[in-house]
>>> print(open('run16.cif').read())   # mmCIF, C-alpha atoms
data_final
#
loop_
_atom_site.label_atom_id
_atom_site.label_comp_id
_atom_site.auth_asym_id
_atom_site.auth_seq_id
_atom_site.Cartn_x
_atom_site.Cartn_y
_atom_site.Cartn_z
CA MET A 839 15.05 47.04 -39.16
CA PHE A 840 17.05 50.17 -38.65
CA ARG A 841 14.76 51.16 -35.81
CA LEU A 842 15.29 47.80 -34.23
CA PHE A 843 19.01 48.30 -34.57
CA LEU A 844 18.71 51.71 -32.93
CA PHE A 845 16.64 50.23 -30.17
CA LEU A 846 19.20 47.52 -29.57
CA LYS A 847 22.01 50.05 -29.59
CA LYS A 848 20.22 52.27 -27.14
CA TYR A 849 19.15 49.61 -24.68
CA HIS A 850 21.75 46.90 -25.23
CA TYR A 851 23.07 47.32 -21.71
CA PHE A 852 19.69 46.78 -20.13
CA LEU A 853 18.84 43.96 -22.52
CA LEU A 854 22.10 42.21 -21.69
CA PHE A 855 21.29 42.63 -18.02
CA ILE A 856 17.87 41.05 -18.53
CA ALA A 857 19.36 38.22 -20.59
CA LEU A 858 22.00 37.39 -17.99
CA GLN A 859 19.46 37.53 -15.18
CA PHE A 860 17.23 35.25 -17.18
CA ILE A 861 20.01 32.74 -17.59
CA ALA A 862 20.85 32.94 -13.89
CA PHE A 863 17.25 32.36 -12.86
CA LEU A 864 17.01 29.53 -15.33
CA PHE A 865 19.90 27.91 -13.51
CA ILE A 866 18.29 28.60 -10.15
CA TYR A 867 15.08 27.04 -11.32
CA GLN A 868 16.86 24.12 -12.90
CA PHE A 869 19.15 23.15 -10.08
CA MET A 870 17.84 24.46 -6.79
CA SER A 871 15.14 22.21 -5.55
CA TYR A 872 13.83 24.50 -2.83
CA GLN A 873 13.40 27.46 -5.15
CA ARG A 874 11.88 25.20 -7.76
CA SER A 875 9.45 23.77 -5.26
CA LEU A 876 8.35 27.32 -4.47
CA VAL A 877 7.69 28.02 -8.12
CA PHE A 878 5.78 24.79 -8.34
CA SER A 879 3.71 25.35 -5.26
CA GLY A 880 2.73 28.71 -6.69
CA PHE A 881 1.43 27.06 -9.84
CA GLN A 882 0.08 24.11 -7.98
CA ASN A 883 -2.97 25.85 -6.62
CA PHE A 884 -3.84 26.83 -10.15
CA THR A 885 -3.02 23.67 -12.04
CA GLY A 886 -4.04 21.42 -9.19
CA ASN A 887 -7.59 22.67 -9.41
CA ILE A 888 -7.73 22.13 -13.13
CA TYR A 889 -6.20 18.70 -12.91
CA SER A 890 -8.56 17.61 -10.18
CA LYS A 891 -11.51 18.72 -12.29
CA ILE A 892 -10.19 16.85 -15.30
CA SER A 893 -9.56 13.75 -13.25
CA ASN A 894 -13.09 13.96 -11.87
CA VAL A 895 -14.40 13.82 -15.40
CA LYS A 896 -12.02 11.03 -16.33
CA MET A 897 -13.04 9.19 -13.19
CA TYR A 898 -16.62 9.33 -14.34
CA PHE A 899 -15.78 7.46 -17.51
CA ARG A 900 -13.78 4.91 -15.61
CA LEU A 901 -16.52 4.19 -13.10
CA ARG A 902 -17.64 1.10 -14.93
CA SER A 903 -14.22 -0.53 -14.88
CA ILE A 904 -13.67 0.50 -11.27
CA ASN A 905 -17.02 -1.00 -10.39
CA ASP A 906 -16.12 -4.19 -12.24
CA SER A 907 -12.94 -4.62 -10.30
CA LEU A 908 -14.67 -3.91 -7.00
CA LEU A 909 -17.39 -6.42 -7.77
CA ALA A 910 -14.81 -9.03 -8.72
CA GLU A 911 -13.06 -8.46 -5.43
CA ASN A 912 -16.33 -8.66 -3.54
CA VAL A 913 -17.09 -11.95 -5.24
CA ARG A 914 -13.81 -13.35 -4.05
CA LEU A 915 -14.31 -12.06 -0.51
CA ARG A 916 -17.86 -13.33 -0.30
CA GLU A 917 -16.72 -16.78 -1.36
CA LEU A 918 -14.21 -16.68 1.47
CA VAL A 919 -16.86 -15.57 3.94
CA TYR A 920 -19.17 -18.37 2.93
CA ALA A 921 -16.31 -20.83 3.18
CA VAL A 922 -15.53 -20.00 6.78
CA PRO A 923 -17.15 -22.69 8.90
CA LYS A 924 -19.39 -21.77 11.75
CA ILE A 925 -17.38 -22.44 14.86
CA ASP A 926 -19.59 -22.89 17.86
CA ARG A 927 -16.85 -23.56 20.32
CA PRO A 928 -13.74 -21.42 20.35
CA ASP A 929 -11.52 -24.45 20.96
CA SER A 930 -12.88 -26.42 18.04
CA PHE A 931 -10.46 -27.37 15.36
CA VAL A 932 -11.05 -26.89 11.65
CA LYS A 933 -9.33 -29.56 9.66
CA ASP A 934 -9.73 -28.52 6.05
CA THR A 935 -11.35 -25.46 4.59
CA GLN A 936 -11.08 -26.61 0.96
CA ASN A 937 -14.09 -28.83 1.42
CA ASN A 938 -16.07 -25.94 2.77
CA ILE A 939 -16.19 -23.99 -0.47
CA LYS A 940 -19.84 -24.58 -1.07
CA PHE A 941 -20.67 -21.40 -2.92
CA LYS A 942 -19.03 -19.95 -6.02
CA LEU A 943 -19.90 -16.39 -6.89
CA LYS A 944 -20.06 -14.35 -10.07
CA PHE A 945 -21.25 -10.83 -10.67
CA ALA A 946 -23.51 -9.37 -13.34
CA TYR A 947 -25.26 -6.14 -14.26
CA VAL A 948 -29.01 -5.80 -14.50
CA VAL A 949 -30.13 -5.18 -18.07
CA ASN A 950 -33.87 -5.21 -17.67
CA ASN A 951 -36.12 -5.32 -14.66
CA THR A 952 -39.87 -5.42 -14.07
CA ILE A 953 -41.81 -4.86 -10.87
CA ASN A 954 -45.39 -4.43 -12.03
CA ARG A 955 -46.30 -7.94 -13.13
CA LYS A 956 -47.51 -10.87 -11.18
CA ASN A 957 -44.35 -12.78 -11.96
CA ASN A 958 -41.58 -10.29 -12.29
CA ILE A 959 -38.35 -10.96 -14.10
CA ILE A 960 -34.86 -9.52 -14.12
CA VAL A 961 -32.50 -9.84 -17.08
CA LEU A 962 -28.77 -10.00 -16.43
CA ASN A 963 -25.95 -9.35 -18.87
CA ARG A 964 -24.28 -12.72 -18.38
CA GLY A 965 -25.23 -16.09 -19.77
CA LYS A 966 -24.10 -19.63 -20.37
CA LEU A 967 -20.77 -18.56 -21.83
CA ASP A 968 -19.98 -16.79 -18.55
CA GLY A 969 -20.78 -19.94 -16.61
CA ILE A 970 -24.28 -19.01 -15.52
CA HIS A 971 -26.78 -21.83 -15.26
CA ASN A 972 -30.29 -22.36 -14.01
CA GLN A 973 -31.07 -22.46 -10.32
CA MET A 974 -28.38 -20.02 -9.31
CA GLY A 975 -29.35 -17.66 -6.52
CA VAL A 976 -29.12 -13.93 -7.16
CA ILE A 977 -28.33 -11.51 -4.35
CA THR A 978 -26.93 -8.05 -3.75
CA ASP A 979 -25.01 -6.79 -0.78
CA LYS A 980 -28.34 -5.87 0.81
CA GLY A 981 -30.34 -9.02 0.25
CA ILE A 982 -31.87 -11.64 -2.00
CA VAL A 983 -33.02 -10.80 -5.52
CA GLY A 984 -34.18 -13.98 -7.18
CA ILE A 985 -33.31 -17.26 -8.86
CA VAL A 986 -32.00 -17.84 -12.39
CA THR A 987 -34.61 -19.68 -14.43
CA HIS A 988 -33.46 -19.43 -18.04
CA THR A 989 -30.10 -18.75 -19.64
CA SER A 990 -29.03 -17.89 -23.16
CA ASP A 991 -25.47 -17.54 -24.37
CA HIS A 992 -25.09 -13.97 -23.14
CA PHE A 993 -28.09 -13.29 -20.93
CA ALA A 994 -29.78 -14.81 -17.94
CA LEU A 995 -33.40 -14.54 -16.90
CA VAL A 996 -34.04 -14.28 -13.21
CA MET A 997 -37.27 -15.02 -11.41
CA SER A 998 -37.50 -12.04 -9.12
CA VAL A 999 -38.46 -12.38 -5.48
CA LEU A 1000 -41.46 -10.37 -6.59
CA SER A 1001 -43.03 -13.44 -8.19
CA GLU A 1002 -45.93 -15.40 -6.87
CA GLU A 1003 -44.09 -18.63 -7.64
CA PHE A 1004 -41.09 -17.65 -5.61
CA ARG A 1005 -40.61 -19.39 -2.28
CA VAL A 1006 -37.69 -19.34 0.11
CA SER A 1007 -37.34 -20.48 3.67
CA ALA A 1008 -36.62 -17.52 5.91
CA LYS A 1009 -35.71 -17.05 9.52
CA ILE A 1010 -36.39 -14.35 12.06
CA VAL A 1011 -33.00 -13.61 13.59
CA GLU A 1012 -34.16 -12.65 17.05
CA SER A 1013 -36.47 -15.63 17.69
CA GLY A 1014 -34.88 -18.14 15.33
CA GLU A 1015 -38.33 -19.06 13.98
CA ILE A 1016 -38.41 -20.38 10.42
CA GLY A 1017 -41.15 -19.70 7.90
CA SER A 1018 -41.82 -19.55 4.21
CA LEU A 1019 -41.25 -16.26 2.44
CA SER A 1020 -43.25 -15.34 -0.64
CA TRP A 1021 -44.74 -12.36 -2.42
CA ASP A 1022 -48.38 -11.43 -2.18
CA GLY A 1023 -48.35 -9.43 -5.39
CA LYS A 1024 -49.25 -6.14 -3.77
CA SER A 1025 -46.26 -3.90 -3.10
CA PRO A 1026 -42.80 -4.31 -4.65
CA GLU A 1027 -41.31 -3.32 -1.32
CA ASN A 1028 -42.86 -5.98 0.88
CA MET A 1029 -42.97 -9.76 1.07
CA VAL A 1030 -44.93 -12.04 3.34
CA LEU A 1031 -43.49 -14.53 5.78
CA LYS A 1032 -45.97 -17.33 6.54
CA ASP A 1033 -46.15 -20.34 8.79
CA ILE A 1034 -44.93 -18.60 11.91
CA PRO A 1035 -46.59 -20.16 14.94
CA ASN A 1036 -48.88 -18.04 17.05
CA GLN A 1037 -46.97 -18.37 20.29
CA VAL A 1038 -43.73 -16.93 18.88
CA LYS A 1039 -43.03 -13.40 19.95
CA VAL A 1040 -42.76 -11.27 16.85
CA LEU A 1041 -41.85 -7.63 16.98
CA ARG A 1042 -41.46 -4.88 14.44
CA LYS A 1043 -37.90 -4.13 13.26
CA HIS A 1044 -36.80 -7.70 13.80
CA GLN A 1045 -34.44 -8.91 11.10
CA VAL A 1046 -35.38 -11.58 8.58
CA VAL A 1047 -32.69 -13.63 6.88
CA VAL A 1048 -32.53 -16.68 4.64
CA GLY A 1049 -33.06 -19.87 6.57
CA PRO A 1050 -30.84 -22.93 6.68
CA TYR A 1051 -32.87 -25.05 4.27
CA SER A 1052 -32.47 -22.97 1.12
CA ARG A 1053 -30.72 -24.57 -1.81
CA PHE A 1054 -30.18 -21.28 -3.62
CA PHE A 1055 -28.95 -18.86 -1.02
CA PRO A 1056 -26.35 -19.14 1.71
CA GLU A 1057 -27.79 -19.22 5.17
CA ASN A 1058 -28.16 -15.82 6.86
CA THR A 1059 -28.26 -13.85 3.64
CA PRO A 1060 -30.22 -10.75 4.65
CA VAL A 1061 -33.75 -10.25 3.38
CA GLY A 1062 -35.47 -7.43 5.24
CA ILE A 1063 -37.04 -6.28 8.46
CA ILE A 1064 -40.47 -6.97 9.93
CA LYS A 1065 -42.83 -4.15 9.11
CA ASP A 1066 -46.12 -5.49 10.32
CA PHE A 1067 -47.82 -8.74 11.38
CA ASN A 1068 -51.32 -10.02 11.86
CA ILE A 1069 -52.86 -13.19 13.16
CA SER A 1070 -54.41 -15.07 10.30
CA SER A 1071 -57.93 -16.48 10.17
CA ASN A 1072 -57.32 -19.89 11.70
CA ASN A 1073 -55.70 -18.14 14.64
CA SER A 1074 -52.75 -20.49 15.01
CA LEU A 1075 -50.31 -18.92 12.56
CA ILE A 1076 -49.04 -15.36 12.12
CA GLU A 1077 -48.58 -13.66 8.78
CA VAL A 1078 -45.62 -11.32 8.91
CA LYS A 1079 -45.08 -8.47 6.49
CA VAL A 1080 -41.39 -8.12 5.69
CA LYS A 1081 -39.96 -4.94 4.19
CA LEU A 1082 -37.15 -5.84 1.79
CA HIS A 1083 -33.75 -4.22 2.20
CA ASN A 1084 -33.36 -4.28 -1.56
CA LYS A 1085 -35.12 -1.82 -3.74
CA ILE A 1086 -35.77 -4.16 -6.62
CA ARG A 1087 -36.61 -1.36 -9.01
CA ASN A 1088 -33.19 0.26 -8.58
CA LEU A 1089 -30.99 -2.80 -8.98
CA GLN A 1090 -27.75 -2.25 -10.84
CA SER A 1091 -25.28 -4.98 -10.07
CA VAL A 1092 -25.93 -8.37 -8.52
CA TYR A 1093 -24.02 -11.44 -7.42
CA LEU A 1094 -24.91 -14.88 -8.73
CA ILE A 1095 -24.44 -17.73 -6.29
CA ASP A 1096 -23.58 -21.19 -7.50
CA ASN A 1097 -24.28 -23.77 -4.82
CA MET A 1098 -21.77 -26.51 -5.55
CA LYS A 1099 -23.72 -29.00 -3.51
CA ALA A 1100 -27.19 -28.11 -4.75
CA LEU A 1101 -27.31 -31.05 -7.16
CA GLU A 1102 -26.33 -33.47 -4.43
CA GLN A 1103 -28.99 -32.08 -2.14
CA ALA A 1104 -31.64 -32.12 -4.87
CA GLU A 1105 -30.94 -35.76 -5.75
CA LEU A 1106 -31.09 -36.82 -2.16
CA GLU A 1107 -34.40 -35.06 -1.65
CA LYS A 1108 -35.77 -36.62 -4.83
CA ASN A 1109 -34.75 -40.08 -3.65
CA ALA A 1110 -36.46 -39.46 -0.35
CA ASP A 1111 -39.63 -38.48 -2.12
CA GLU A 1112 -39.66 -41.63 -4.21
CA LYS A 1113 -39.30 -43.93 -1.25
CA MET B 184 45.47 49.83 -19.01
CA LYS B 185 47.31 46.59 -19.57
CA SER B 186 48.79 46.58 -16.09
CA ASN B 187 45.32 47.26 -14.69
CA THR B 188 43.98 44.17 -16.43
CA PHE B 189 46.82 42.18 -14.92
CA ILE B 190 46.04 43.49 -11.44
CA ILE B 191 42.36 42.73 -11.89
CA ILE B 192 43.01 39.16 -12.97
CA LEU B 193 45.55 38.58 -10.20
CA ASN B 194 43.20 39.96 -7.60
CA LEU B 195 40.35 37.99 -9.06
CA LEU B 196 42.27 34.75 -8.57
CA ILE B 197 43.26 35.64 -5.01
CA ILE B 198 39.77 36.80 -4.13
CA LEU B 199 38.15 33.69 -5.59
CA LEU B 200 40.50 31.43 -3.69
CA LEU B 201 39.85 33.34 -0.48
CA GLN B 202 36.14 33.32 -1.05
CA ILE B 203 35.82 29.68 -1.97
CA PHE B 204 38.14 28.16 0.56
CA ILE B 205 37.88 30.44 3.55
CA ILE B 206 35.08 32.96 3.51
CA ASN B 207 32.42 30.56 2.24
CA ASN B 208 32.86 28.66 5.47
CA ILE B 209 32.13 31.66 7.62
CA LEU B 210 28.65 31.85 9.05
CA ILE B 211 28.18 34.15 12.00
CA PHE B 212 25.20 33.74 14.33
CA ASN B 213 23.59 31.52 11.72
CA ARG B 214 22.59 34.70 9.93
CA ILE B 215 25.54 36.57 8.55
CA HIS B 216 27.11 35.40 5.32
CA PRO B 217 29.96 37.72 4.34
CA TYR B 218 31.18 37.77 0.74
CA LEU B 219 34.34 39.19 -0.66
CA TYR B 220 34.23 38.32 -4.34
CA MET B 221 32.18 41.42 -5.30
CA LEU B 222 35.35 43.40 -4.87
CA SER B 223 36.81 41.92 -8.05
CA ILE B 224 33.91 43.47 -9.94
CA LEU B 225 33.81 46.69 -7.95
CA MET B 226 37.46 47.51 -8.57
CA VAL B 227 37.26 47.33 -12.36
CA PRO B 228 37.95 50.80 -13.86
CA ALA B 229 34.97 52.80 -15.03
CA GLY B 230 36.34 53.02 -18.55
CA TYR B 231 36.01 49.28 -19.21
CA ASN B 232 33.28 48.07 -21.55
CA ARG B 233 30.24 47.84 -19.32
CA ASN B 234 28.81 44.85 -21.23
CA LEU B 235 32.06 43.01 -20.76
CA VAL B 236 32.03 43.78 -17.04
CA MET B 237 28.52 42.42 -16.72
CA VAL B 238 29.43 39.18 -18.51
CA LEU B 239 32.50 38.97 -16.31
CA ALA B 240 30.31 39.43 -13.27
CA PHE B 241 28.08 36.62 -14.44
CA ALA B 242 31.11 34.37 -14.88
CA ILE B 243 32.54 35.20 -11.46
CA GLY B 244 29.18 34.70 -9.81
CA PHE B 245 28.77 31.40 -11.54
CA ILE B 246 32.19 30.19 -10.45
CA ILE B 247 31.18 30.95 -6.86
CA ASP B 248 27.91 29.16 -7.51
CA ILE B 249 29.68 26.07 -8.74
CA PHE B 250 31.74 25.87 -5.58
CA SER B 251 28.89 26.53 -3.19
CA PHE B 252 26.30 24.43 -5.05
CA THR B 253 23.91 27.34 -5.48
CA TYR B 254 23.68 27.36 -9.25
CA GLY B 255 22.55 30.74 -10.51
CA MET B 256 22.11 32.61 -7.23
CA HIS B 257 25.45 34.41 -7.13
CA ALA B 258 25.41 34.86 -10.88
CA ALA B 259 22.11 36.70 -10.69
CA ALA B 260 23.26 38.87 -7.78
CA SER B 261 26.58 39.66 -9.46
CA VAL B 262 24.92 40.66 -12.72
CA LEU B 263 22.69 43.02 -10.78
CA LEU B 264 25.74 44.40 -9.03
CA ALA B 265 27.55 45.05 -12.32
CA PHE B 266 24.42 46.59 -13.82
CA VAL B 267 23.91 49.02 -10.96
CA ARG B 268 27.61 49.74 -10.66
CA TYR B 269 27.69 51.58 -13.98
CA TYR B 270 25.04 54.05 -12.87
CA ALA B 271 26.39 54.31 -9.35
CA LEU B 272 29.85 55.28 -10.61
CA ASN B 273 28.48 57.95 -12.89
CA PHE B 274 26.32 59.25 -10.07
CA LEU B 275 29.01 59.33 -7.42
CA HIS B 276 31.95 60.73 -9.35
CA GLU B 277 32.79 63.00 -12.27
CA PHE B 278 35.14 60.93 -14.40
CA ASP B 279 37.63 62.52 -16.69
CA GLU B 280 39.61 60.52 -19.26
CA GLU B 281 42.42 59.86 -16.81
CA ASP B 282 40.09 58.66 -14.04
CA LYS B 283 38.34 56.19 -16.31
CA LYS B 284 41.53 54.19 -16.65
CA ARG B 285 42.22 53.97 -12.93
CA LEU B 286 41.07 51.18 -10.66
CA VAL B 287 38.10 52.13 -8.53
CA GLY B 288 39.26 52.38 -4.94
CA PHE B 289 39.91 54.63 -1.98
CA LYS B 290 42.48 56.60 -3.93
CA LEU B 291 40.20 57.39 -6.84
CA LEU B 292 36.91 58.16 -5.09
CA GLY B 293 38.04 59.29 -1.68
CA SER B 294 37.25 57.31 1.43
CA ARG B 295 33.75 58.69 2.11
CA VAL B 296 32.40 58.27 -1.43
CA TYR B 297 34.08 54.91 -1.77
CA LEU B 298 32.45 53.72 1.44
CA ILE B 299 29.04 54.76 0.11
CA TYR B 300 29.88 53.02 -3.16
CA LEU B 301 30.81 49.80 -1.37
CA LEU B 302 27.86 49.79 1.02
CA SER B 303 25.19 50.62 -1.52
CA LEU B 304 26.33 48.16 -4.19
CA THR B 305 26.95 45.39 -1.71
CA PHE B 306 23.48 46.03 -0.38
CA PHE B 307 21.94 45.53 -3.83
CA HIS B 308 23.97 42.38 -4.31
CA HIS B 309 23.11 40.90 -0.93
CA LEU B 310 19.49 41.88 -1.15
CA LEU B 311 18.91 39.92 -4.34
CA LEU B 312 21.08 37.07 -3.12
CA PHE B 313 19.27 36.64 0.18
CA ILE B 314 15.84 37.06 -1.32
CA ILE B 315 16.56 34.30 -3.81
CA GLU B 316 17.98 32.19 -1.03
CA ALA B 317 14.90 32.70 1.12
CA GLY B 318 12.74 31.93 -1.87
CA GLY B 319 10.97 35.23 -2.29
CA MET B 320 9.42 37.74 0.02
CA ARG B 321 8.42 35.31 2.71
CA ASP B 322 9.96 36.02 6.10
CA PHE B 323 11.18 39.33 4.74
CA HIS B 324 12.08 40.85 8.13
CA ARG B 325 14.50 38.08 8.81
CA THR B 326 15.96 38.36 5.32
CA ILE B 327 16.51 42.11 5.46
CA PHE B 328 18.09 41.77 8.90
CA SER B 329 20.66 39.28 7.66
CA VAL B 330 21.19 41.39 4.54
CA ILE B 331 22.11 44.49 6.57
CA LEU B 332 24.41 42.62 8.94
CA SER B 333 26.04 40.73 6.08
CA VAL B 334 26.57 43.94 4.12
CA ILE B 335 28.46 45.43 7.06
CA PHE B 336 30.64 42.36 7.42
CA SER B 337 31.25 42.07 3.69
CA CYS B 338 32.30 45.72 3.42
CA PHE B 339 34.52 45.24 6.42
CA LEU B 340 36.22 42.29 4.71
CA MET B 341 36.58 44.16 1.44
CA ILE B 342 38.18 47.17 3.12
CA ILE B 343 40.61 44.95 4.99
CA TYR B 344 41.51 43.17 1.79
CA GLU B 345 42.00 46.42 -0.04
CA LEU B 346 44.17 47.88 2.66
CA ALA B 347 46.23 44.71 2.93
CA ILE B 348 46.83 43.80 -0.69
CA LEU B 349 45.62 46.30 -3.22
CA PHE B 350 47.42 49.31 -1.87
CA LYS B 351 50.82 47.73 -1.94
CA ARG B 352 50.49 47.65 -5.70
CA SER B 353 49.00 51.09 -5.98
CA ASP B 354 52.13 52.37 -7.67
CA LEU B 355 51.18 50.29 -10.69
CA GLN B 356 48.08 52.34 -11.31
#
>>> encode(input="run16.cif", output="structure tokens")
Amino acid sequence: MFRLFLFLKKYHYFLLFIALQFIAFLFIYQFMSYQRSLVFSGFQNFTGNIYSKISNVKMYFRLRSINDSLLAENVRLRELVYAVPKIDRPDSFVKDTQNNIKFKLKFAYVVNNTINRKNNIIVLNRGKLDGIHNQMGVITDKGIVGIVTHTSDHFALVMSVLSEEFRVSAKIVESGEIGSLSWDGKSPENMVLKDIPNQVKVLRKHQVVVGPYSRFFPENTPVGIIKDFNISSNNSLIEVKVKLHNKIRNLQSVYLIDNMKALEQAELEKNADEK
Amino acid sequence: MKSNTFIIILNLLIILLLQIFIINNILIFNRIHPYLYMLSILMVPAGYNRNLVMVLAFAIGFIIDIFSFTYGMHAAASVLLAFVRYYALNFLHEFDEEDKKRLVGFKLLGSRVYLIYLLSLTFFHHLLLFIIEAGGMRDFHRTIFSVILSVIFSCFLMIIYELAILFKRSDLQ
């Protein structure tokens, strides 16, 4: 204590100087924005790095919710896209777009997924309580995935495009030719487009999309590109090998498409069959 | 001693008024900022309590700060000035008991020593002031240039002030 007192007595002048300078610089820091910004920018390189690392980690935990919100927005935008009528003539006049909302979309995450069976299935994390019902089409941004076949309260079972029962009408974009797309059970990357007439010019890398007759998918939903083709045995039809855009084994999130007018279409077709 | 205190306070008031209302508005060539108010610290007799002088310097600097919206800058520079002044006085002059009671000025130190005293201490003051103002060592050439020019102008002002006002009252010393 006494030593401290001696120390203070000896250096009180210098200590007072330091104290007053400290107060002055405190004021400078507190009130002078330019000087303060300099102090900050000095620390900023240091703290900024740390904060950006922390926020990267935080971001990682928030990815799911960010993804959810993005998917929800995509659903809304896709509905709008599907609602826009095809205008053939630029001077044509669209009366009412409300009636055009033919497709309602929802999104879901893939829970389980098979690719090695004859009839492959995909399980989604949404069910009846989320408004999912049978016969909804399932797509991703890249292409078609399947059709909902069973639903429970919280899950939905999807018949994958990699099923031998699966059929969808498909169209080659460049030639406009329409055929029936199915899976031959061989490779999970390829499907087969049948019923293409012999005289149609088919080339590799041509795009294949969903045709106009599908009840489950909007027209022009992408499917894949032509990988290979061969003339089948009876010589009048071509079998086209289509490479899917989607990698079914890596699916994470999908959109479910509810065709509002599917029931109407189905009833009409049924009536036509009966007659 | 008492009359000295009176002179110091009177001069302090005059100097502050001059500084705040006239000299603060002077800016020559966009570089040179002369200051006069250091004189009120520099003229305090060597015998005064050095701690008190330093606190006084802080107060004076802060008053200038308040009026020029530079909170803390002048206070810091003035405290440095008061701190260095104690050592400078002891270095420049041998004080006897009689000298310690007299105001520091031309009469006490002699014109050559007093000029060195003014220039060196004003330099310390301005150096810290301008460095803080520039925000550190960046652009240091420019800073040191304005420091040197401002020191010359400030000393010029202080000498004029001293010759004009202080010496008329020199009989009070």
>>> residues_near_point(input="run16.cif", point="(31.9, 40.1, -9.6)", cutoff="8 Å", atoms="all atoms listed in the file", output="list in words")
Tyr220, Met221, Leu222, Ser223, Ile224, Leu225, Leu239, Ala240, Phe241, Ala242, Ile243, Gly244, Ser261, Val262, Leu264 and Ala265 of chain B
>>> resolve_selection(input="run16.cif", expression="the PyMOL selection byres ((chain B and resi 199-204) around 12)", output="PyMOL selection string")
chain B and resi 191-198+205-209+216-224+242-252+337+340-341+344
>>> atom_distance(input="run16.cif", atom1="CA of Val1011 in chain A", atom2="CA of Glu911 in chain A")
28.0 Å
>>> residues_around(input="run16.cif", residues="Lys1024 in chain A", least_positions_apart="6", cutoff="12 Å", atoms="all atoms listed in the file", output="CSV table (one decimal) with C-alpha atoms, in the coordinates of the input")
chain,number,residue,atom,x,y,z
A,953,ILE,CA,-41.8,-4.9,-10.9
A,954,ASN,CA,-45.4,-4.4,-12.0
A,955,ARG,CA,-46.3,-7.9,-13.1
A,956,LYS,CA,-47.5,-10.9,-11.2
A,957,ASN,CA,-44.4,-12.8,-12.0
A,1000,LEU,CA,-41.5,-10.4,-6.6
A,1001,SER,CA,-43.0,-13.4,-8.2
A,1002,GLU,CA,-45.9,-15.4,-6.9
A,1030,VAL,CA,-44.9,-12.0,3.3
A,1079,LYS,CA,-45.1,-8.5,6.5
>>> resolve_selection(input="run16.cif", expression="the PyMOL selection byres ((chain B and resi 322-333) around 6)", output="list in words")
Arg214, Ile215, His216, Pro217, His309, Leu310, Met320, Arg321, Val334, Ile335, Phe336 and Ser337 of chain B
>>> resolve_selection(input="run16.cif", expression="the PyMOL selection byres ((chain B) within 9 of (chain A))", output="compact mmCIF listing (two decimals) with C-alpha atoms, keeping the file's coordinate frame")
# COMPACT_ATOMS: atom_id res chain seq x y z
CA ARG B 233 30.24 47.84 -19.32
CA ASN B 234 28.81 44.85 -21.23
CA MET B 237 28.52 42.42 -16.72
CA VAL B 238 29.43 39.18 -18.51
CA PHE B 241 28.08 36.62 -14.44
CA PHE B 245 28.77 31.40 -11.54
CA PHE B 252 26.30 24.43 -5.05
CA THR B 253 23.91 27.34 -5.48
CA TYR B 254 23.68 27.36 -9.25
CA GLY B 255 22.55 30.74 -10.51
CA MET B 256 22.11 32.61 -7.23
CA HIS B 257 25.45 34.41 -7.13
CA ALA B 258 25.41 34.86 -10.88
CA ALA B 259 22.11 36.70 -10.69
CA ALA B 260 23.26 38.87 -7.78
CA VAL B 262 24.92 40.66 -12.72
CA LEU B 263 22.69 43.02 -10.78
CA ALA B 265 27.55 45.05 -12.32
CA PHE B 266 24.42 46.59 -13.82
CA ILE B 315 16.56 34.30 -3.81
CA GLU B 316 17.98 32.19 -1.03
CA ALA B 317 14.90 32.70 1.12
CA GLY B 318 12.74 31.93 -1.87
CA GLY B 319 10.97 35.23 -2.29
>>> atom_distance(input="run16.cif", atom1="CA of Val983 in chain A", atom2="CA of Val999 in chain A")
5.7 Å
>>> atom_distance(input="run16.cif", atom1="CA of His971 in chain A", atom2="CA of Thr989 in chain A")
6.3 Å
>>> closest_residue(input="run16.cif", among="B:Tyr269, B:Leu275, B:Asn213, B:Leu286", to="Pro228 in chain B", atoms="only C-alpha atoms")
B:Leu286
>>> residues_around(input="run16.cif", residues="Val976 in chain A", least_positions_apart="6", cutoff="6 Å", atoms="all atoms listed in the file", output="list of chain:residue names")
A:Val983, A:Gly984, A:Ile985, A:Tyr1093, A:Leu1094
>>> residues_around(input="run16.cif", residues="Phe289 in chain B", least_positions_apart="5", cutoff="12 Å", atoms="only C-alpha atoms", output="PyMOL selection string")
chain B and resi 225-226+294-301+341-343+345-346+349-350+353
>>> closest_residue(input="run16.cif", among="A:Ser1018, A:Gln1037, A:Asn951, A:Asn1068", to="Leu995 in chain A", atoms="all atoms listed in the file")
A:Asn951
>>> residues_around(input="run16.cif", residues="range 1098-1100 of chain A", least_positions_apart="5", cutoff="12 Å", atoms="all atoms listed in the file", output="number ranges by chain")
A: 917, 921, 937-943, 971-975, 1051-1056, 1105-1107
>>> closest_residue(input="run16.cif", among="B:Phe189, B:Phe313, B:Tyr231, B:Phe306", to="Lys283 in chain B", atoms="only C-alpha atoms")
B:Tyr231
>>> axis_aligned_box(input="run16.cif", around="range 304-315 of chain B", padding_each_side="4 Å", output="AutoDock Vina command-line options")
--center_x 21.4 --center_y 41.2 --center_z -2.1 --size_x 19.1 --size_y 21.9 --size_z 12.5
